[in-house]
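Enquirer: Provided herewith: start_25.pdb, PDB, C-alpha atoms, pLDDT in the B column.
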```pdb
ATOM      1  CA  MET A   1     -22.104 242.232 -73.692  1.00 36.00           C
ATOM      2  CA  GLU A   2     -25.023 244.569 -73.135  1.00 39.00           C
ATOM      3  CA  THR A   3     -24.586 247.074 -70.327  1.00 43.00           C
ATOM      4  CA  ASN A   4     -26.480 249.948 -68.839  1.00 54.00           C
ATOM      5  CA  GLY A   5     -26.588 251.827 -72.133  1.00 55.00           C
ATOM      6  CA  GLU A   6     -28.295 254.902 -70.777  1.00 63.00           C
ATOM      7  CA  THR A   7     -25.655 255.689 -68.174  1.00 89.00           C
ATOM      8  CA  LEU A   8     -22.771 254.750 -70.432  1.00 94.00           C
ATOM      9  CA  ASN A   9     -23.762 257.000 -73.267  1.00 94.00           C
ATOM     10  CA  GLN A  10     -24.198 259.848 -70.771  1.00 96.00           C
ATOM     11  CA  LEU A  11     -20.648 259.257 -69.540  1.00 97.00           C
ATOM     12  CA  PHE A  12     -19.400 259.284 -73.132  1.00 97.00           C
ATOM     13  CA  GLN A  13     -21.391 262.433 -73.812  1.00 97.00           C
ATOM     14  CA  ALA A  14     -19.721 264.151 -70.862  1.00 97.00           C
ATOM     15  CA  LEU A  15     -16.287 263.024 -72.064  1.00 97.00           C
ATOM     16  CA  SER A  16     -16.911 264.064 -75.670  1.00 96.00           C
ATOM     17  CA  ASP A  17     -15.822 267.631 -74.907  1.00 96.00           C
ATOM     18  CA  PRO A  18     -12.031 268.067 -74.901  1.00 95.00           C
ATOM     19  CA  ARG A  19     -12.214 270.578 -72.017  1.00 96.00           C
ATOM     20  CA  ARG A  20     -14.129 268.138 -69.834  1.00 97.00           C
ATOM     21  CA  LEU A  21     -11.827 265.296 -70.863  1.00 96.00           C
ATOM     22  CA  GLY A  22      -8.907 267.510 -69.859  1.00 95.00           C
ATOM     23  CA  MET A  23     -10.519 268.149 -66.472  1.00 97.00           C
ATOM     24  CA  VAL A  24     -10.903 264.430 -65.816  1.00 95.00           C
ATOM     25  CA  ASP A  25      -7.266 263.901 -66.837  1.00 93.00           C
ATOM     26  CA  ARG A  26      -6.222 266.657 -64.469  1.00 94.00           C
ATOM     27  CA  LEU A  27      -8.369 265.327 -61.603  1.00 94.00           C
ATOM     28  CA  ALA A  28      -7.045 261.797 -62.038  1.00 89.00           C
ATOM     29  CA  ARG A  29      -3.749 263.207 -60.744  1.00 87.00           C
ATOM     30  CA  GLY A  30      -5.450 264.510 -57.600  1.00 89.00           C
ATOM     31  CA  PRO A  31      -8.287 266.713 -56.318  1.00 93.00           C
ATOM     32  CA  ALA A  32      -8.424 270.321 -57.509  1.00 96.00           C
ATOM     33  CA  SER A  33     -10.442 273.482 -56.996  1.00 97.00           C
ATOM     34  CA  VAL A  34     -12.514 275.190 -59.677  1.00 96.00           C
ATOM     35  CA  LYS A  35      -9.816 277.834 -59.899  1.00 96.00           C
ATOM     36  CA  ASP A  36      -7.075 275.220 -60.446  1.00 96.00           C
ATOM     37  CA  LEU A  37      -9.155 273.526 -63.118  1.00 97.00           C
ATOM     38  CA  ALA A  38     -10.022 276.768 -64.875  1.00 97.00           C
ATOM     39  CA  GLN A  39      -6.334 277.741 -64.985  1.00 97.00           C
ATOM     40  CA  ALA A  40      -5.164 274.293 -66.100  1.00 96.00           C
ATOM     41  CA  GLY A  41      -7.749 274.256 -68.893  1.00 95.00           C
ATOM     42  CA  GLY A  42      -7.152 277.856 -69.946  1.00 96.00           C
ATOM     43  CA  MET A  43     -10.785 278.800 -69.418  1.00 97.00           C
ATOM     44  CA  GLY A  44     -12.718 281.281 -67.328  1.00 97.00           C
ATOM     45  CA  MET A  45     -14.326 280.372 -64.023  1.00 96.00           C
ATOM     46  CA  PRO A  46     -17.920 280.429 -65.388  1.00 97.00           C
ATOM     47  CA  SER A  47     -16.920 278.041 -68.164  1.00 97.00           C
ATOM     48  CA  ALA A  48     -15.124 275.740 -65.710  1.00 98.00           C
ATOM     49  CA  VAL A  49     -18.162 275.707 -63.401  1.00 97.00           C
ATOM     50  CA  LYS A  50     -20.455 274.862 -66.319  1.00 98.00           C
ATOM     51  CA  HIS A  51     -18.316 271.909 -67.425  1.00 98.00           C
ATOM     52  CA  LEU A  52     -17.848 270.666 -63.868  1.00 98.00           C
ATOM     53  CA  LYS A  53     -21.611 270.663 -63.374  1.00 97.00           C
ATOM     54  CA  ILE A  54     -21.972 268.442 -66.436  1.00 97.00           C
ATOM     55  CA  LEU A  55     -19.264 266.079 -65.166  1.00 97.00           C
ATOM     56  CA  GLU A  56     -20.857 265.986 -61.719  1.00 96.00           C
ATOM     57  CA  ALA A  57     -24.356 265.381 -63.123  1.00 96.00           C
ATOM     58  CA  VAL A  58     -23.269 262.128 -64.787  1.00 96.00           C
ATOM     59  CA  GLY A  59     -21.242 261.102 -61.736  1.00 94.00           C
ATOM     60  CA  LEU A  60     -17.778 261.440 -63.273  1.00 94.00           C
ATOM     61  CA  VAL A  61     -16.677 263.817 -60.523  1.00 95.00           C
ATOM     62  CA  THR A  62     -17.779 264.673 -57.003  1.00 95.00           C
ATOM     63  CA  SER A  63     -17.112 267.807 -54.995  1.00 96.00           C
ATOM     64  CA  GLN A  64     -16.833 268.949 -51.400  1.00 95.00           C
ATOM     65  CA  LYS A  65     -16.971 272.457 -50.059  1.00 95.00           C
ATOM     66  CA  ALA A  66     -14.566 273.480 -47.292  1.00 92.00           C
ATOM     67  CA  GLY A  67     -15.006 277.111 -46.333  1.00 93.00           C
ATOM     68  CA  ARG A  68     -15.343 278.971 -49.607  1.00 91.00           C
ATOM     69  CA  VAL A  69     -13.362 276.517 -51.702  1.00 92.00           C
ATOM     70  CA  ARG A  70     -15.090 273.698 -53.574  1.00 95.00           C
ATOM     71  CA  THR A  71     -12.742 270.828 -54.361  1.00 96.00           C
ATOM     72  CA  PHE A  72     -13.421 268.312 -57.109  1.00 97.00           C
ATOM     73  CA  GLN A  73     -12.228 264.758 -57.544  1.00 93.00           C
ATOM     74  CA  VAL A  74     -12.781 261.925 -60.010  1.00 92.00           C
ATOM     75  CA  ARG A  75     -15.426 259.382 -59.059  1.00 90.00           C
ATOM     76  CA  PRO A  76     -13.706 256.051 -59.711  1.00 86.00           C
ATOM     77  CA  GLN A  77     -16.999 254.162 -60.098  1.00 86.00           C
ATOM     78  CA  ALA A  78     -17.758 256.100 -63.292  1.00 90.00           C
ATOM     79  CA  LEU A  79     -14.497 255.123 -64.944  1.00 89.00           C
ATOM     80  CA  ARG A  80     -15.093 251.592 -63.735  1.00 86.00           C
ATOM     81  CA  SER A  81     -18.387 251.547 -65.664  1.00 89.00           C
ATOM     82  CA  ILE A  82     -16.484 252.308 -68.855  1.00 92.00           C
ATOM     83  CA  ASP A  83     -13.880 249.722 -67.950  1.00 89.00           C
ATOM     84  CA  ASP A  84     -16.561 247.094 -67.383  1.00 89.00           C
ATOM     85  CA  TRP A  85     -18.072 247.895 -70.758  1.00 92.00           C
ATOM     86  CA  LEU A  86     -14.687 247.506 -72.467  1.00 91.00           C
ATOM     87  CA  ALA A  87     -13.991 244.303 -70.564  1.00 88.00           C
ATOM     88  CA  GLY A  88     -17.147 242.804 -72.024  1.00 86.00           C
ATOM     89  CA  HIS A  89     -15.804 243.421 -75.511  1.00 86.00           C
ATOM     90  CA  LYS A  90     -12.184 242.626 -74.860  1.00 78.00           C
ATOM     91  CA  ARG A  91     -12.353 238.875 -75.138  1.00 71.00           C
ATOM     92  CA  LEU A  92     -13.739 239.194 -78.636  1.00 63.00           C
ATOM     93  CA  LEU A  93     -11.331 241.953 -79.514  1.00 65.00           C
ATOM     94  CA  GLU A  94      -8.354 239.974 -78.332  1.00 74.00           C
ATOM     95  CA  GLN A  95      -9.307 237.274 -80.786  1.00 68.00           C
ATOM     96  CA  ALA A  96      -9.382 239.938 -83.482  1.00 63.00           C
ATOM     97  CA  PHE A  97      -5.937 241.140 -82.408  1.00 65.00           C
ATOM     98  CA  ASP A  98      -4.601 237.588 -82.531  1.00 74.00           C
ATOM     99  CA  ARG A  99      -5.956 237.160 -86.052  1.00 70.00           C
ATOM    100  CA  LEU A 100      -4.441 240.479 -87.077  1.00 67.00           C
ATOM    101  CA  GLU A 101      -1.038 239.570 -85.677  1.00 74.00           C
ATOM    102  CA  GLN A 102      -1.181 236.190 -87.391  1.00 77.00           C
ATOM    103  CA  LEU A 103      -2.004 237.835 -90.696  1.00 74.00           C
ATOM    104  CA  MET A 104       0.800 240.336 -90.289  1.00 74.00           C
ATOM    105  CA  THR A 105       3.423 237.718 -89.479  1.00 77.00           C
ATOM    106  CA  GLU A 106       2.280 234.818 -91.617  1.00 71.00           C
ATOM    107  CA  GLU A 107       0.838 236.297 -94.770  1.00 56.00           C
ATOM    108  CA  PRO A 108       2.570 239.560 -95.574  1.00 53.00           C
ATOM    109  CA  GLU A 109       1.454 239.677 -99.211  1.00 54.00           C
ATOM    110  CA  GLN A 110      -1.529 237.382 -99.637  1.00 50.00           C
ATOM    111  CA  GLY A 111      -4.890 238.652-100.780  1.00 50.00           C
ATOM    112  CA  PRO A 112      -8.072 237.825 -98.857  1.00 53.00           C
ATOM    113  CA  SER A 113      -9.685 234.476 -99.526  1.00 53.00           C
ATOM    114  CA  ALA A 114     -12.994 234.446-101.372  1.00 49.00           C
ATOM    115  CA  PRO A 115     -16.058 234.556 -99.100  1.00 48.00           C
TER     116      PRO A 115
ATOM    117  CA  MET B   1      -1.858 260.660 -68.035  1.00 36.00           C
ATOM    118  CA  GLU B   2      -2.416 262.902 -71.028  1.00 38.00           C
ATOM    119  CA  THR B   3      -3.426 261.164 -74.233  1.00 43.00           C
ATOM    120  CA  ASN B   4      -4.439 262.103 -77.720  1.00 53.00           C
ATOM    121  CA  GLY B   5      -7.367 264.189 -76.507  1.00 55.00           C
ATOM    122  CA  GLU B   6      -8.666 265.074 -79.911  1.00 63.00           C
ATOM    123  CA  THR B   7      -9.167 261.504 -81.058  1.00 89.00           C
ATOM    124  CA  LEU B   8     -10.442 260.333 -77.691  1.00 94.00           C
ATOM    125  CA  ASN B   9     -13.144 262.941 -77.398  1.00 94.00           C
ATOM    126  CA  GLN B  10     -14.247 262.119 -80.946  1.00 96.00           C
ATOM    127  CA  LEU B  11     -14.555 258.467 -79.945  1.00 97.00           C
ATOM    128  CA  PHE B  12     -16.585 259.459 -76.891  1.00 97.00           C
ATOM    129  CA  GLN B  13     -18.742 261.735 -79.056  1.00 97.00           C
ATOM    130  CA  ALA B  14     -19.497 258.827 -81.379  1.00 97.00           C
ATOM    131  CA  LEU B  15     -20.380 256.592 -78.420  1.00 97.00           C
ATOM    132  CA  SER B  16     -22.547 259.215 -76.741  1.00 96.00           C
ATOM    133  CA  ASP B  17     -25.561 258.192 -78.811  1.00 96.00           C
ATOM    134  CA  PRO B  18     -27.325 255.094 -77.440  1.00 95.00           C
ATOM    135  CA  ARG B  19     -28.098 253.821 -80.946  1.00 96.00           C
ATOM    136  CA  ARG B  20     -24.434 253.966 -81.955  1.00 97.00           C
ATOM    137  CA  LEU B  21     -23.403 252.430 -78.640  1.00 96.00           C
ATOM    138  CA  GLY B  22     -25.887 249.631 -79.339  1.00 95.00           C
ATOM    139  CA  MET B  23     -24.354 249.114 -82.780  1.00 97.00           C
ATOM    140  CA  VAL B  24     -20.870 248.751 -81.303  1.00 95.00           C
ATOM    141  CA  ASP B  25     -22.224 246.293 -78.726  1.00 94.00           C
ATOM    142  CA  ARG B  26     -23.882 244.314 -81.514  1.00 94.00           C
ATOM    143  CA  LEU B  27     -20.744 244.361 -83.697  1.00 94.00           C
ATOM    144  CA  ALA B  28     -18.528 243.237 -80.832  1.00 89.00           C
ATOM    145  CA  ARG B  29     -20.361 239.915 -81.131  1.00 87.00           C
ATOM    146  CA  GLY B  30     -19.434 239.657 -84.811  1.00 89.00           C
ATOM    147  CA  PRO B  31     -19.627 241.436 -88.174  1.00 93.00           C
ATOM    148  CA  ALA B  32     -23.059 242.497 -89.415  1.00 96.00           C
ATOM    149  CA  SER B  33     -24.692 244.112 -92.434  1.00 97.00           C
ATOM    150  CA  VAL B  34     -26.470 247.477 -92.395  1.00 96.00           C
ATOM    151  CA  LYS B  35     -29.755 245.575 -92.570  1.00 96.00           C
ATOM    152  CA  ASP B  36     -28.863 243.428 -89.528  1.00 96.00           C
ATOM    153  CA  LEU B  37     -27.831 246.507 -87.575  1.00 97.00           C
ATOM    154  CA  ALA B  38     -30.936 248.466 -88.528  1.00 97.00           C
ATOM    155  CA  GLN B  39     -33.171 245.581 -87.433  1.00 97.00           C
ATOM    156  CA  ALA B  40     -31.245 244.967 -84.193  1.00 96.00           C
ATOM    157  CA  GLY B  41     -31.456 248.661 -83.311  1.00 95.00           C
ATOM    158  CA  GLY B  42     -35.085 249.064 -84.327  1.00 96.00           C
ATOM    159  CA  MET B  43     -34.291 251.815 -86.800  1.00 97.00           C
ATOM    160  CA  GLY B  44     -34.711 252.424 -90.511  1.00 97.00           C
ATOM    161  CA  MET B  45     -31.943 251.807 -93.025  1.00 96.00           C
ATOM    162  CA  PRO B  46     -31.217 255.535 -93.631  1.00 97.00           C
ATOM    163  CA  SER B  47     -30.825 256.102 -89.897  1.00 97.00           C
ATOM    164  CA  ALA B  48     -28.549 253.058 -89.553  1.00 98.00           C
ATOM    165  CA  VAL B  49     -26.409 254.241 -92.477  1.00 97.00           C
ATOM    166  CA  LYS B  50     -26.099 257.703 -90.931  1.00 98.00           C
ATOM    167  CA  HIS B  51     -24.948 256.351 -87.573  1.00 98.00           C
ATOM    168  CA  LEU B  52     -22.567 253.857 -89.166  1.00 98.00           C
ATOM    169  CA  LYS B  53     -20.958 256.675 -91.151  1.00 97.00           C
ATOM    170  CA  ILE B  54     -20.288 258.527 -87.891  1.00 97.00           C
ATOM    171  CA  LEU B  55     -18.813 255.402 -86.279  1.00 97.00           C
ATOM    172  CA  GLU B  56     -16.670 254.756 -89.360  1.00 96.00           C
ATOM    173  CA  ALA B  57     -15.465 258.372 -89.521  1.00 96.00           C
ATOM    174  CA  VAL B  58     -13.906 258.158 -86.048  1.00 96.00           C
ATOM    175  CA  GLY B  59     -12.505 254.686 -86.747  1.00 94.00           C
ATOM    176  CA  LEU B  60     -14.736 252.730 -84.377  1.00 94.00           C
ATOM    177  CA  VAL B  61     -15.932 250.463 -87.187  1.00 95.00           C
ATOM    178  CA  THR B  62     -14.722 249.456 -90.618  1.00 95.00           C
ATOM    179  CA  SER B  63     -16.679 248.018 -93.518  1.00 96.00           C
ATOM    180  CA  GLN B  64     -16.190 245.859 -96.571  1.00 95.00           C
ATOM    181  CA  LYS B  65     -18.443 245.482 -99.552  1.00 95.00           C
ATOM    182  CA  ALA B  66     -18.993 242.040-101.032  1.00 92.00           C
ATOM    183  CA  GLY B  67     -21.392 242.128-103.969  1.00 93.00           C
ATOM    184  CA  ARG B  68     -24.213 244.394-102.866  1.00 91.00           C
ATOM    185  CA  VAL B  69     -23.820 243.775 -99.137  1.00 92.00           C
ATOM    186  CA  ARG B  70     -21.656 246.026 -96.980  1.00 94.00           C
ATOM    187  CA  THR B  71     -20.521 244.320 -93.786  1.00 96.00           C
ATOM    188  CA  PHE B  72     -19.377 246.226 -90.722  1.00 97.00           C
ATOM    189  CA  GLN B  73     -17.090 245.203 -87.904  1.00 93.00           C
ATOM    190  CA  VAL B  74     -15.612 246.813 -84.803  1.00 92.00           C
ATOM    191  CA  ARG B  75     -12.118 248.259 -85.172  1.00 90.00           C
ATOM    192  CA  PRO B  76     -10.292 246.946 -82.093  1.00 86.00           C
ATOM    193  CA  GLN B  77      -7.680 249.723 -82.174  1.00 86.00           C
ATOM    194  CA  ALA B  78     -10.365 252.305 -81.339  1.00 90.00           C
ATOM    195  CA  LEU B  79     -11.486 250.477 -78.216  1.00 89.00           C
ATOM    196  CA  ARG B  80      -7.847 249.998 -77.333  1.00 87.00           C
ATOM    197  CA  SER B  81      -7.401 253.794 -77.369  1.00 90.00           C
ATOM    198  CA  ILE B  82     -10.110 254.102 -74.727  1.00 92.00           C
ATOM    199  CA  ASP B  83      -8.569 251.242 -72.792  1.00 89.00           C
ATOM    200  CA  ASP B  84      -5.149 252.920 -72.858  1.00 89.00           C
ATOM    201  CA  TRP B  85      -6.700 256.129 -71.570  1.00 92.00           C
ATOM    202  CA  LEU B  86      -8.385 254.275 -68.704  1.00 91.00           C
ATOM    203  CA  ALA B  87      -5.190 252.368 -67.939  1.00 88.00           C
ATOM    204  CA  GLY B  88      -3.406 255.666 -67.415  1.00 86.00           C
ATOM    205  CA  HIS B  89      -5.918 256.571 -64.714  1.00 86.00           C
ATOM    206  CA  LYS B  90      -6.336 253.170 -63.172  1.00 78.00           C
ATOM    207  CA  ARG B  91      -3.323 253.162 -60.914  1.00 71.00           C
ATOM    208  CA  LEU B  92      -4.576 256.307 -59.236  1.00 63.00           C
ATOM    209  CA  LEU B  93      -8.115 255.061 -59.169  1.00 65.00           C
ATOM    210  CA  GLU B  94      -7.122 251.795 -57.585  1.00 74.00           C
ATOM    211  CA  GLN B  95      -5.643 253.758 -54.722  1.00 69.00           C
ATOM    212  CA  ALA B  96      -8.962 255.563 -54.411  1.00 63.00           C
ATOM    213  CA  PHE B  97     -10.788 252.218 -54.367  1.00 65.00           C
ATOM    214  CA  ASP B  98      -8.489 250.953 -51.644  1.00 74.00           C
ATOM    215  CA  ARG B  99      -9.180 254.034 -49.541  1.00 70.00           C
ATOM    216  CA  LEU B 100     -12.905 253.636 -50.140  1.00 67.00           C
ATOM    217  CA  GLU B 101     -12.870 250.007 -49.084  1.00 74.00           C
ATOM    218  CA  GLN B 102     -10.882 250.877 -45.993  1.00 77.00           C
ATOM    219  CA  LEU B 103     -13.374 253.569 -45.074  1.00 75.00           C
ATOM    220  CA  MET B 104     -16.310 251.225 -45.607  1.00 74.00           C
ATOM    221  CA  THR B 105     -14.855 248.471 -43.452  1.00 77.00           C
ATOM    222  CA  GLU B 106     -13.110 250.509 -40.781  1.00 71.00           C
ATOM    223  CA  GLU B 107     -15.210 253.602 -40.217  1.00 56.00           C
ATOM    224  CA  PRO B 108     -18.866 252.841 -40.939  1.00 53.00           C
ATOM    225  CA  GLU B 109     -20.226 255.924 -39.169  1.00 54.00           C
ATOM    226  CA  GLN B 110     -17.471 258.493 -38.867  1.00 50.00           C
ATOM    227  CA  GLY B 111     -17.729 261.928 -40.451  1.00 50.00           C
ATOM    228  CA  PRO B 112     -14.962 263.343 -42.654  1.00 53.00           C
ATOM    229  CA  SER B 113     -11.945 264.780 -40.922  1.00 53.00           C
ATOM    230  CA  ALA B 114     -11.324 268.508 -41.162  1.00 49.00           C
ATOM    231  CA  PRO B 115      -9.018 269.576 -44.038  1.00 48.00           C
TER     232      PRO B 115
END
```
Go ahead and express the file in the form of structure tokens.
Expert:
Amino acid sequence: METNGETLNQLFQALSDPRRLGMVDRLARGPASVKDLAQAGGMGMPSAVKHLKILEAVGLVTSQKAGRVRTFQVRPQALRSIDDWLAGHKRLLEQAFDRLEQLMTEEPEQGPSAP
Amino acid sequence: METNGETLNQLFQALSDPRRLGMVDRLARGPASVKDLAQAGGMGMPSAVKHLKILEAVGLVTSQKAGRVRTFQVRPQALRSIDDWLAGHKRLLEQAFDRLEQLMTEEPEQGPSAP
């Protein structure tokens, strides 16, 4: 399945940093402020703000300001894009899994057949 | 849900390049040679080899050599890692979707309530 490659690879780019991945994991448990996220990730506020801007730019998180506190939350649509991409591959991958399981149960010690 | 962050962000890093993402999409339809993948992606052989090495290093693809032709295929376990990560967030995200749908059907023009 071909999907919107441009957006997808931007999402993956944003998630390629372990600190940003950690922020998304944290936010999936509920909204949090920059301060919460900085503390949870063991980073300074400027660093947290920088990473949150990257996550927000690709649409992985959204934020709202109430008074002086900006609260972030995961944007479900972004994760759904990744899920849709995986779903397109899953049918084919399930076949691969079935073959693998068959091989593991039926032919524990046989070599591969000639091509 | 916390997962193996190190591996996951490496997978996302590998998928953050549109050419590598295109290769995975192509390989999900079936195994292919370097030549096939280079042609499908509109890139030269050295570039294809470079990107395939990155995909293979993180375990997104595997390869076998038969004679002089090396054939690549997707490694389902890698996509399953991403799927497991999403699954951990999905329960929470489904609740968010439900709330969103409710808002869209019930309150088409109301502003947000005060925190």
Enquirer: Carefully work through the PyMOL selection byres ((chain B and resi 78) around 9) for this structure and note down the residues it includes, as a ChimeraX atom specification.
Expert: /B:8,11,58-61,74-77,79-83
Enquirer: Next, dump the selected residues to file, keeping only C-alpha atoms, as a PDB file, in the coordinates of the input.
Expert:
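Done, and the output landed in part-v3.pdb:
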```pdb
ATOM      1  CA  LEU B   8     -10.442 260.333 -77.691  1.00 94.00           C
ATOM      2  CA  LEU B  11     -14.555 258.467 -79.945  1.00 97.00           C
ATOM      3  CA  VAL B  58     -13.906 258.158 -86.048  1.00 96.00           C
ATOM      4  CA  GLY B  59     -12.505 254.686 -86.747  1.00 94.00           C
ATOM      5  CA  LEU B  60     -14.736 252.730 -84.377  1.00 94.00           C
ATOM      6  CA  VAL B  61     -15.932 250.463 -87.187  1.00 95.00           C
ATOM      7  CA  VAL B  74     -15.612 246.813 -84.803  1.00 92.00           C
ATOM      8  CA  ARG B  75     -12.118 248.259 -85.172  1.00 90.00           C
ATOM      9  CA  PRO B  76     -10.292 246.946 -82.093  1.00 86.00           C
ATOM     10  CA  GLN B  77      -7.680 249.723 -82.174  1.00 86.00           C
ATOM     11  CA  LEU B  79     -11.486 250.477 -78.216  1.00 89.00           C
ATOM     12  CA  ARG B  80      -7.847 249.998 -77.333  1.00 87.00           C
ATOM     13  CA  SER B  81      -7.401 253.794 -77.369  1.00 90.00           C
ATOM     14  CA  ILE B  82     -10.110 254.102 -74.727  1.00 92.00           C
ATOM     15  CA  ASP B  83      -8.569 251.242 -72.792  1.00 89.00           C
TER      16      ASP B  83
END
```
Enquirer: With only C-alpha atoms as the basis for distance, which of A:Asp98, A:Ile54, A:Pro31, A:Leu86 is at the shortest distance from chain B?
Expert: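 Looking only at the distances to chain B, the closest residue turns out to be A:Leu86.
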Enquirer: Could you fit chain A onto chain B by least squares over every C-alpha atom, paired in order, and give me the moved chain as a short mmCIF file (atom, residue, chain, number, x, y, z; two decimals) with C-alpha atoms, keeping the file's coordinate frame?
Expert:
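Output (superposed.cif):
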```cif
data_model
loop_
_atom_site.label_atom_id
_atom_site.label_comp_id
_atom_site.auth_asym_id
_atom_site.auth_seq_id
_atom_site.Cartn_x
_atom_site.Cartn_y
_atom_site.Cartn_z
CA MET A 1 -1.92 260.69 -68.05
CA GLU A 2 -2.48 262.94 -71.04
CA THR A 3 -3.48 261.18 -74.24
CA ASN A 4 -4.47 262.10 -77.73
CA GLY A 5 -7.39 264.21 -76.56
CA GLU A 6 -8.67 265.08 -80.00
CA THR A 7 -9.19 261.49 -81.12
CA LEU A 8 -10.49 260.35 -77.76
CA ASN A 9 -13.18 262.96 -77.49
CA GLN A 10 -14.26 262.11 -81.05
CA LEU A 11 -14.60 258.46 -80.03
CA PHE A 12 -16.65 259.49 -77.00
CA GLN A 13 -18.76 261.75 -79.19
CA ALA A 14 -19.52 258.84 -81.50
CA LEU A 15 -20.43 256.63 -78.54
CA SER A 16 -22.60 259.28 -76.88
CA ASP A 17 -25.60 258.23 -78.98
CA PRO A 18 -27.40 255.16 -77.59
CA ARG A 19 -28.13 253.86 -81.12
CA ARG A 20 -24.46 253.99 -82.08
CA LEU A 21 -23.46 252.47 -78.74
CA GLY A 22 -25.95 249.69 -79.44
CA MET A 23 -24.39 249.12 -82.87
CA VAL A 24 -20.92 248.77 -81.37
CA ASP A 25 -22.31 246.34 -78.78
CA ARG A 26 -23.94 244.35 -81.55
CA LEU A 27 -20.79 244.36 -83.72
CA ALA A 28 -18.60 243.26 -80.83
CA ARG A 29 -20.44 239.93 -81.11
CA GLY A 30 -19.50 239.63 -84.78
CA PRO A 31 -19.67 241.39 -88.16
CA ALA A 32 -23.08 242.46 -89.45
CA SER A 33 -24.68 244.06 -92.49
CA VAL A 34 -26.45 247.42 -92.49
CA LYS A 35 -29.73 245.55 -92.68
CA ASP A 36 -28.87 243.42 -89.62
CA LEU A 37 -27.85 246.51 -87.68
CA ALA A 38 -30.93 248.47 -88.68
CA GLN A 39 -33.18 245.60 -87.57
CA ALA A 40 -31.29 245.01 -84.31
CA GLY A 41 -31.48 248.72 -83.46
CA GLY A 42 -35.11 249.11 -84.52
CA MET A 43 -34.27 251.85 -87.00
CA GLY A 44 -34.66 252.43 -90.72
CA MET A 45 -31.87 251.79 -93.20
CA PRO A 46 -31.14 255.51 -93.83
CA SER A 47 -30.77 256.09 -90.10
CA ALA A 48 -28.51 253.04 -89.72
CA VAL A 49 -26.33 254.20 -92.63
CA LYS A 50 -26.03 257.68 -91.11
CA HIS A 51 -24.91 256.33 -87.72
CA LEU A 52 -22.53 253.82 -89.29
CA LYS A 53 -20.89 256.61 -91.26
CA ILE A 54 -20.26 258.48 -88.02
CA LEU A 55 -18.81 255.36 -86.38
CA GLU A 56 -16.63 254.69 -89.42
CA ALA A 57 -15.42 258.30 -89.61
CA VAL A 58 -13.89 258.11 -86.12
CA GLY A 59 -12.50 254.63 -86.79
CA LEU A 60 -14.76 252.71 -84.41
CA VAL A 61 -15.93 250.42 -87.21
CA THR A 62 -14.69 249.38 -90.63
CA SER A 63 -16.64 247.93 -93.53
CA GLN A 64 -16.12 245.74 -96.57
CA LYS A 65 -18.35 245.36 -99.57
CA ALA A 66 -18.91 241.90 -101.04
CA GLY A 67 -21.29 241.99 -103.97
CA ARG A 68 -24.10 244.28 -102.90
CA VAL A 69 -23.76 243.67 -99.18
CA ARG A 70 -21.61 245.93 -97.01
CA THR A 71 -20.49 244.23 -93.81
CA PHE A 72 -19.37 246.16 -90.75
CA GLN A 73 -17.10 245.16 -87.90
CA VAL A 74 -15.65 246.80 -84.80
CA ARG A 75 -12.15 248.22 -85.16
CA PRO A 76 -10.36 246.92 -82.06
CA GLN A 77 -7.73 249.69 -82.13
CA ALA A 78 -10.41 252.28 -81.34
CA LEU A 79 -11.57 250.49 -78.22
CA ARG A 80 -7.93 250.01 -77.31
CA SER A 81 -7.48 253.80 -77.36
CA ILE A 82 -10.20 254.12 -74.74
CA ASP A 83 -8.69 251.28 -72.77
CA ASP A 84 -5.28 252.94 -72.83
CA TRP A 85 -6.82 256.16 -71.58
CA LEU A 86 -8.53 254.34 -68.70
CA ALA A 87 -5.35 252.44 -67.90
CA GLY A 88 -3.56 255.73 -67.39
CA HIS A 89 -6.08 256.67 -64.73
CA LYS A 90 -6.52 253.28 -63.17
CA ARG A 91 -3.51 253.29 -60.90
CA LEU A 92 -4.76 256.44 -59.25
CA LEU A 93 -8.31 255.19 -59.17
CA GLU A 94 -7.32 251.93 -57.57
CA GLN A 95 -5.81 253.90 -54.73
CA ALA A 96 -9.12 255.70 -54.40
CA PHE A 97 -10.95 252.37 -54.35
CA ASP A 98 -8.61 251.07 -51.66
CA ARG A 99 -9.27 254.15 -49.54
CA LEU A 100 -13.00 253.76 -50.06
CA GLU A 101 -12.95 250.11 -49.05
CA GLN A 102 -10.87 250.94 -45.99
CA LEU A 103 -13.33 253.63 -44.98
CA MET A 104 -16.27 251.30 -45.47
CA THR A 105 -14.77 248.49 -43.41
CA GLU A 106 -12.89 250.42 -40.76
CA GLU A 107 -14.92 253.51 -40.02
CA PRO A 108 -18.59 252.81 -40.58
CA GLU A 109 -19.84 255.81 -38.59
CA GLN A 110 -17.01 258.31 -38.27
CA GLY A 111 -17.27 261.81 -39.66
CA PRO A 112 -14.55 263.24 -41.90
CA SER A 113 -11.49 264.68 -40.22
CA ALA A 114 -11.00 268.44 -40.35
CA PRO A 115 -8.95 269.66 -43.32
#
```
Enquirer: Just the number, please: distance in Å from CA of Gln39 (chain A) to CA of Ala14 (chain B), one decimal.
Expert: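 Separating CA of Gln39 (chain A) from CA of Ala14 (chain B) is a distance of 28.3 Å.
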Enquirer: Any idea what the distance is between CA of Val34 (chain B) and CA of Ser16 (chain A)?
Expert: 25.4 Å
Enquirer: How many Å separate CA of Arg20 (chain A) from CA of Ala87 (chain A)?
Expert: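 CA of Ala87 (chain A) lies at a distance of 23.8 Å from CA of Arg20 (chain A).
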Enquirer: Is it possible to get the axis-aligned box enclosing region 23-42 of chain B (all listed atoms, 5 Å extra per side) as AutoDock Vina command-line options, with centre and edge lengths in Å rounded to one decimal?
Expert:
```
--center_x -26.8 --center_y 244.4 --center_z -85.6 --size_x 26.6 --size_y 19.5 --size_z 23.8
```
Enquirer: What's the 12 Å shell around Ala40 (chain A), counting only C-alpha atoms, without same-chain residues fewer than 3 positions away, as a list in words?
Expert: Arg19, Arg20, Gly22, Met23, Val24, Asp25, Arg26, Leu27, Ala32, Ser33, Val34, Lys35, Asp36, Leu37, Met43, Gly44, Met45 and Ala48 of chain A
